[in-house]
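**Student:** Before we start, here is the structure in question, set down as structure tokens.
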Amino acid sequence: MSRIHILPPDVVGKIRAGEVIDRPAAVAKELIENAIDAGSRLIAVHVGSSPDRLIRVQDDGAGMTRDDAAMSIKRHATSKLEHDSELSSIRTLGFRGEALASIAEVSRLTLSTRSAEDLTGTQVEVLGGTTIQVSGVGRATGTTVTVEDLFFNTPARLRFLKSRESETRALSRVVWSYIFTLPGIHWRFLIEGREDVDLPPAADFLERWSLVYGRGAAAGVEGSVSFEGEIAGVRVRGVLGTPEQARANRDHQFFAVNGRVVSSPTLGAALRQGYGNLIPSDRYPIGLLLIELDPSLVDVNVHPTKREVRFRDESRVFQATRAAVEEAMRRYVPVGVALGSGTGSAGRPFAGVDATSPSSSEGFPAAPSASQPLLDGLEIARALYAPPESLGSDVAREGETGDLREHLAEPEIAIWQLHDRYLLAPIRGGLVIVDQHAAHERILYEEARERLFGAAGPTQHLLFPRVLDLTRDELDMLLLHEPQLKRLGYEVALFGERQIAVRGVPAAIPEEAAIQALKRVLLGAEDADASGDPPEERLAKTFACHAAVRSGQPLKPVERRALVDRLFATELPHGDPHGRATYVRVSMEELDRRFGRR
Ligand code: ADP
Ligand code: MG
């Protein structure tokens, strides 16, 4: 590392300076960033039970010579920046040369360090900005900075601190952000009376992440997913928690841009949107996002504490990040779900999407092909809604239906129905438990969207049109949504002043369910909430919810089979349109563990 020097005034003028140190978390962040910049392989963070009393960061990095050690606590003393022209291409986390000086001014700071070329180390003791003593000390290569009695000489700032708990939480978040961002570093993290972890270097992000968050409770081995991709010069990597792991707050989201831990509303929004409606609107995914892009497109100089970044092109970063998350979640139900007997483990469920796989040059690696449904949607839905005789329609020809039922009558694997509510199906690595209503809802929702935005769906003509009495509001809704209802497959005619005749309903939905769904759509009001969904989206959701098989409805083996196959052929099988889970996976590992086999 080059020698420390004081930045010339013209460079200082270009750096947004300010009150860098406002709370214990900021101290930890600066000390950790210095340790990282020094090329450390091991970083140990020790925090007192009250973080303003004690924060110590110890590293095995490059260390400092005696002269540099004394210099390092001066304002604008840095070894990382010389000319303002370098400001746009900063690769180190620090560059202002202010952190140690600012911390030293408001605390009792002890710096102990030794560079590789020196035989003895140096210890510098500073009290409220005044150097008390510089002495020799025997120690290993590396640096230890101890900060005690933070803000002892600035009582106003001390008073501004939040409770011990929330200061500790904020500090802990900073440390964990770096722990996740740099899995190759050996971390030790000790908070007196609370936390004591020792994390040797991990192979990749997912390994480090899983140690803390697991891979998704019931989801077994195929829980959290690590992913990687590049769009328009923005490289996005990280780990995404399962939808079931979503939390009520954003505490478990970690972002880094070019290696710097940051907070960014843009990235937060992109992460949330990437999950779409897989999670309810009031929940937040957990995950780690690492963004890399040309440093000249990032303004790290915005915030004095460097906590927030700004992108020159916010929308490009937003789009790329959202697309990457969306893409990863689309592949969330992987090849491992293909039905199959046998007890072998499902192997690498996310083959091609782990952190080590290279990304293809044009963009994200191609998604593994979705498992093909055995039958097309119409046939499946019909199988789901036997008996076929009830379909007095032009699409249900006897022979065809007979073949179909025979074909499905002997599925290789039995799927059980539990209390007319859940379907249990063996899969390669264990068992899936499917919520029959939620699953069907997901299927019908995707079908409805296809029809609303793509080719209109087939109609099943009713032998006897159904006449419905409508209120004025319902009639308004009908007129408003007529084109969309037609696309779904409804055929409706006005009949009298406040009556309609339903002559046709979406094919393969039983008449009664189709009529109920129509009534709910016309009722409208309750769905026209502040969800912000476009009308088509609301329509698709309402329709799917009310046309889907109910919980409590017995299903024949062919229907169960069709439902499971069809679910896993949808784009996003693991959640219903409201974000509830459609299935839970129990791995063989999980069962073995519970039965004490391992
Ligand atoms: P900056 O990181 O912006 O350069 P700091 O005040 O944080 O400013 O640190 C001043 C200088 O002290 C750094 O440029 C670096 O040369 C040296 N330094 C600080 N901490 C360490 C450390 N843990 N290991 C080695 N050198 C360090
Ligand atoms: Mg620094």
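Letters for chains follow the order of the structure tokens (A, B, ...), residue numbers begin at 1 for each chain, and ligand numbers begin at 1 in the order shown.
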Counting only C-alpha atoms and all ligand atoms, which residues in chain A sit no more than 6 Å from ligand 1? For each one, give the nearest pair of atoms and the distance in Å, sorted by chain then residue number, as CSV.
**Tutor:**
residue,atom,partner,partner_atom_place_in_ligand_line,distance
A:Ile4,CA,ligand 1,16 (O),5.4
A:Asn34,CA,ligand 1,20 (N),4.4
A:Ala35,CA,ligand 1,23 (N),4.0
A:Ala38,CA,ligand 1,24 (N),4.7
A:Gly61,CA,ligand 1,24 (N),5.8
A:Ala62,CA,ligand 1,25 (C),5.4
A:Gly63,CA,ligand 1,25 (C),4.2
A:Met64,CA,ligand 1,26 (N),5.5
A:Ser72,CA,ligand 1,12 (O),4.2
A:Ala77,CA,ligand 1,10 (C),5.5
A:Thr78,CA,ligand 1,14 (O),3.5
A:Ser79,CA,ligand 1,14 (O),4.0
A:Lys80,CA,ligand 1,14 (O),5.3
A:Gly94,CA,ligand 1,2 (O),3.6
A:Phe95,CA,ligand 1,3 (O),3.5
A:Arg96,CA,ligand 1,3 (O),3.8
A:Gly97,CA,ligand 1,8 (O),3.1
A:Glu98,CA,ligand 1,6 (O),4.3
A:Ala99,CA,ligand 1,6 (O),3.8
A:Leu100,CA,ligand 1,6 (O),3.8
A:Ala101,CA,ligand 1,6 (O),5.8
A:Thr143,CA,ligand 1,23 (N),4.9
**Student:** Which parts of stretch 106-293 of chain A does DSSP call alpha helix (DSSP H) when run on the backbone here, written out as number ranges by chain?
**Tutor:** A: 155-160, 164-181, 205-213, 265-274
**Student:** When you draw a straight line from atom CA of A:Ile21 to atom CA of A:Leu111, how long is it in Å?
**Tutor:**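 Interatomic distance, atom CA of A:Ile21 to atom CA of A:Leu111: 17.5 Å.
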**Student:** To one decimal in Å, tell me the separation between atom CA of A:Val27 and atom CA of A:Tyr213.
**Tutor:**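 That distance, rounded to one decimal, is 26.2 Å.
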**Student:** Residues near A:Arg66, anyone? I mean within 12 Å using only C-alpha atoms, not counting same-chain ones fewer than 5 positions away, as a ChimeraX atom specification.
**Tutor:** /A:3-4,71-72,111-124,134-137,143
**Student:** Taking N, CA, C and O atoms for each residue, export the selection above as an mmCIF file, in the first residue's frame.
**Tutor:**
data_model
loop_
_atom_site.group_PDB
_atom_site.id
_atom_site.type_symbol
_atom_site.label_atom_id
_atom_site.label_comp_id
_atom_site.auth_asym_id
_atom_site.auth_seq_id
_atom_site.Cartn_x
_atom_site.Cartn_y
_atom_site.Cartn_z
ATOM 1 N N ARG A 3 2.213 5.149 0.593
ATOM 2 C CA ARG A 3 2.309 5.868 1.855
ATOM 3 C C ARG A 3 1.147 6.842 2.038
ATOM 4 O O ARG A 3 0.556 7.333 1.090
ATOM 5 N N ILE A 4 0.871 7.135 3.282
ATOM 6 C CA ILE A 4 -0.209 8.074 3.591
ATOM 7 C C ILE A 4 0.277 9.508 3.398
ATOM 8 O O ILE A 4 1.399 9.849 3.757
ATOM 9 N N MET A 71 0.291 9.347 11.177
ATOM 10 C CA MET A 71 -0.328 10.205 10.169
ATOM 11 C C MET A 71 -1.797 9.859 9.941
ATOM 12 O O MET A 71 -2.618 10.732 9.631
ATOM 13 N N SER A 72 -2.122 8.581 10.091
ATOM 14 C CA SER A 72 -3.440 8.089 9.656
ATOM 15 C C SER A 72 -4.604 8.766 10.367
ATOM 16 O O SER A 72 -5.711 8.829 9.833
ATOM 17 N N LEU A 111 -4.839 2.729 18.361
ATOM 18 C CA LEU A 111 -4.501 2.085 17.100
ATOM 19 C C LEU A 111 -3.230 1.289 17.310
ATOM 20 O O LEU A 111 -2.229 1.826 17.798
ATOM 21 N N SER A 112 -3.268 0.031 16.994
ATOM 22 C CA SER A 112 -2.057 -0.775 17.095
ATOM 23 C C SER A 112 -1.867 -1.462 15.759
ATOM 24 O O SER A 112 -2.810 -2.023 15.193
ATOM 25 N N THR A 113 -0.641 -1.383 15.227
ATOM 26 C CA THR A 113 -0.471 -1.866 13.859
ATOM 27 C C THR A 113 0.972 -2.271 13.597
ATOM 28 O O THR A 113 1.897 -1.797 14.271
ATOM 29 N N ARG A 114 1.168 -3.165 12.648
ATOM 30 C CA ARG A 114 2.523 -3.481 12.198
ATOM 31 C C ARG A 114 2.455 -3.863 10.720
ATOM 32 O O ARG A 114 1.592 -4.641 10.312
ATOM 33 N N SER A 115 3.342 -3.275 9.939
ATOM 34 C CA SER A 115 3.399 -3.663 8.529
ATOM 35 C C SER A 115 4.362 -4.836 8.397
ATOM 36 O O SER A 115 5.190 -5.069 9.280
ATOM 37 N N ALA A 116 4.274 -5.540 7.303
ATOM 38 C CA ALA A 116 5.067 -6.759 7.124
ATOM 39 C C ALA A 116 6.563 -6.476 7.181
ATOM 40 O O ALA A 116 7.343 -7.269 7.691
ATOM 41 N N GLU A 117 6.976 -5.306 6.674
ATOM 42 C CA GLU A 117 8.423 -5.034 6.623
ATOM 43 C C GLU A 117 9.007 -4.573 7.962
ATOM 44 O O GLU A 117 10.214 -4.508 8.108
ATOM 45 N N ASP A 118 8.176 -4.229 8.924
ATOM 46 C CA ASP A 118 8.694 -3.786 10.217
ATOM 47 C C ASP A 118 8.798 -4.945 11.200
ATOM 48 O O ASP A 118 8.023 -5.889 11.151
ATOM 49 N N LEU A 119 9.788 -4.837 12.086
ATOM 50 C CA LEU A 119 9.976 -5.893 13.079
ATOM 51 C C LEU A 119 9.087 -5.666 14.286
ATOM 52 O O LEU A 119 8.603 -6.597 14.902
ATOM 53 N N THR A 120 8.891 -4.386 14.636
ATOM 54 C CA THR A 120 8.002 -4.102 15.764
ATOM 55 C C THR A 120 6.834 -3.271 15.272
ATOM 56 O O THR A 120 6.907 -2.586 14.245
ATOM 57 N N GLY A 121 5.800 -3.325 16.039
ATOM 58 C CA GLY A 121 4.608 -2.569 15.691
ATOM 59 C C GLY A 121 4.577 -1.223 16.396
ATOM 60 O O GLY A 121 5.497 -0.871 17.139
ATOM 61 N N THR A 122 3.487 -0.492 16.138
ATOM 62 C CA THR A 122 3.328 0.831 16.710
ATOM 63 C C THR A 122 1.970 0.902 17.388
ATOM 64 O O THR A 122 0.995 0.367 16.874
ATOM 65 N N GLN A 123 1.946 1.563 18.528
ATOM 66 C CA GLN A 123 0.652 1.810 19.160
ATOM 67 C C GLN A 123 0.458 3.309 19.340
ATOM 68 O O GLN A 123 1.336 3.996 19.844
ATOM 69 N N VAL A 124 -0.695 3.791 18.883
ATOM 70 C CA VAL A 124 -0.992 5.218 18.985
ATOM 71 C C VAL A 124 -2.241 5.367 19.842
ATOM 72 O O VAL A 124 -3.261 4.731 19.574
ATOM 73 N N VAL A 134 2.676 7.636 21.540
ATOM 74 C CA VAL A 134 3.034 6.730 20.452
ATOM 75 C C VAL A 134 4.135 5.825 20.989
ATOM 76 O O VAL A 134 5.131 6.321 21.506
ATOM 77 N N SER A 135 3.909 4.533 20.915
ATOM 78 C CA SER A 135 4.912 3.639 21.491
ATOM 79 C C SER A 135 5.100 2.406 20.619
ATOM 80 O O SER A 135 4.276 2.119 19.751
ATOM 81 N N GLY A 136 6.166 1.701 20.859
ATOM 82 C CA GLY A 136 6.408 0.454 20.141
ATOM 83 C C GLY A 136 5.623 -0.670 20.780
ATOM 84 O O GLY A 136 5.321 -0.631 21.975
ATOM 85 N N VAL A 137 5.267 -1.645 20.006
ATOM 86 C CA VAL A 137 4.509 -2.757 20.547
ATOM 87 C C VAL A 137 4.816 -4.009 19.720
ATOM 88 O O VAL A 137 5.033 -3.922 18.513
ATOM 89 N N THR A 143 -3.675 -4.754 11.812
ATOM 90 C CA THR A 143 -4.078 -3.551 12.533
ATOM 91 C C THR A 143 -5.225 -3.859 13.487
ATOM 92 O O THR A 143 -6.110 -4.656 13.157
#
**Student:** Which residues come within 7 Å of stretch 433-440 of chain A, counting only C-alpha atoms, excluding same-chain residues fewer than 4 positions away, as a count of residues only?
**Tutor:** 17
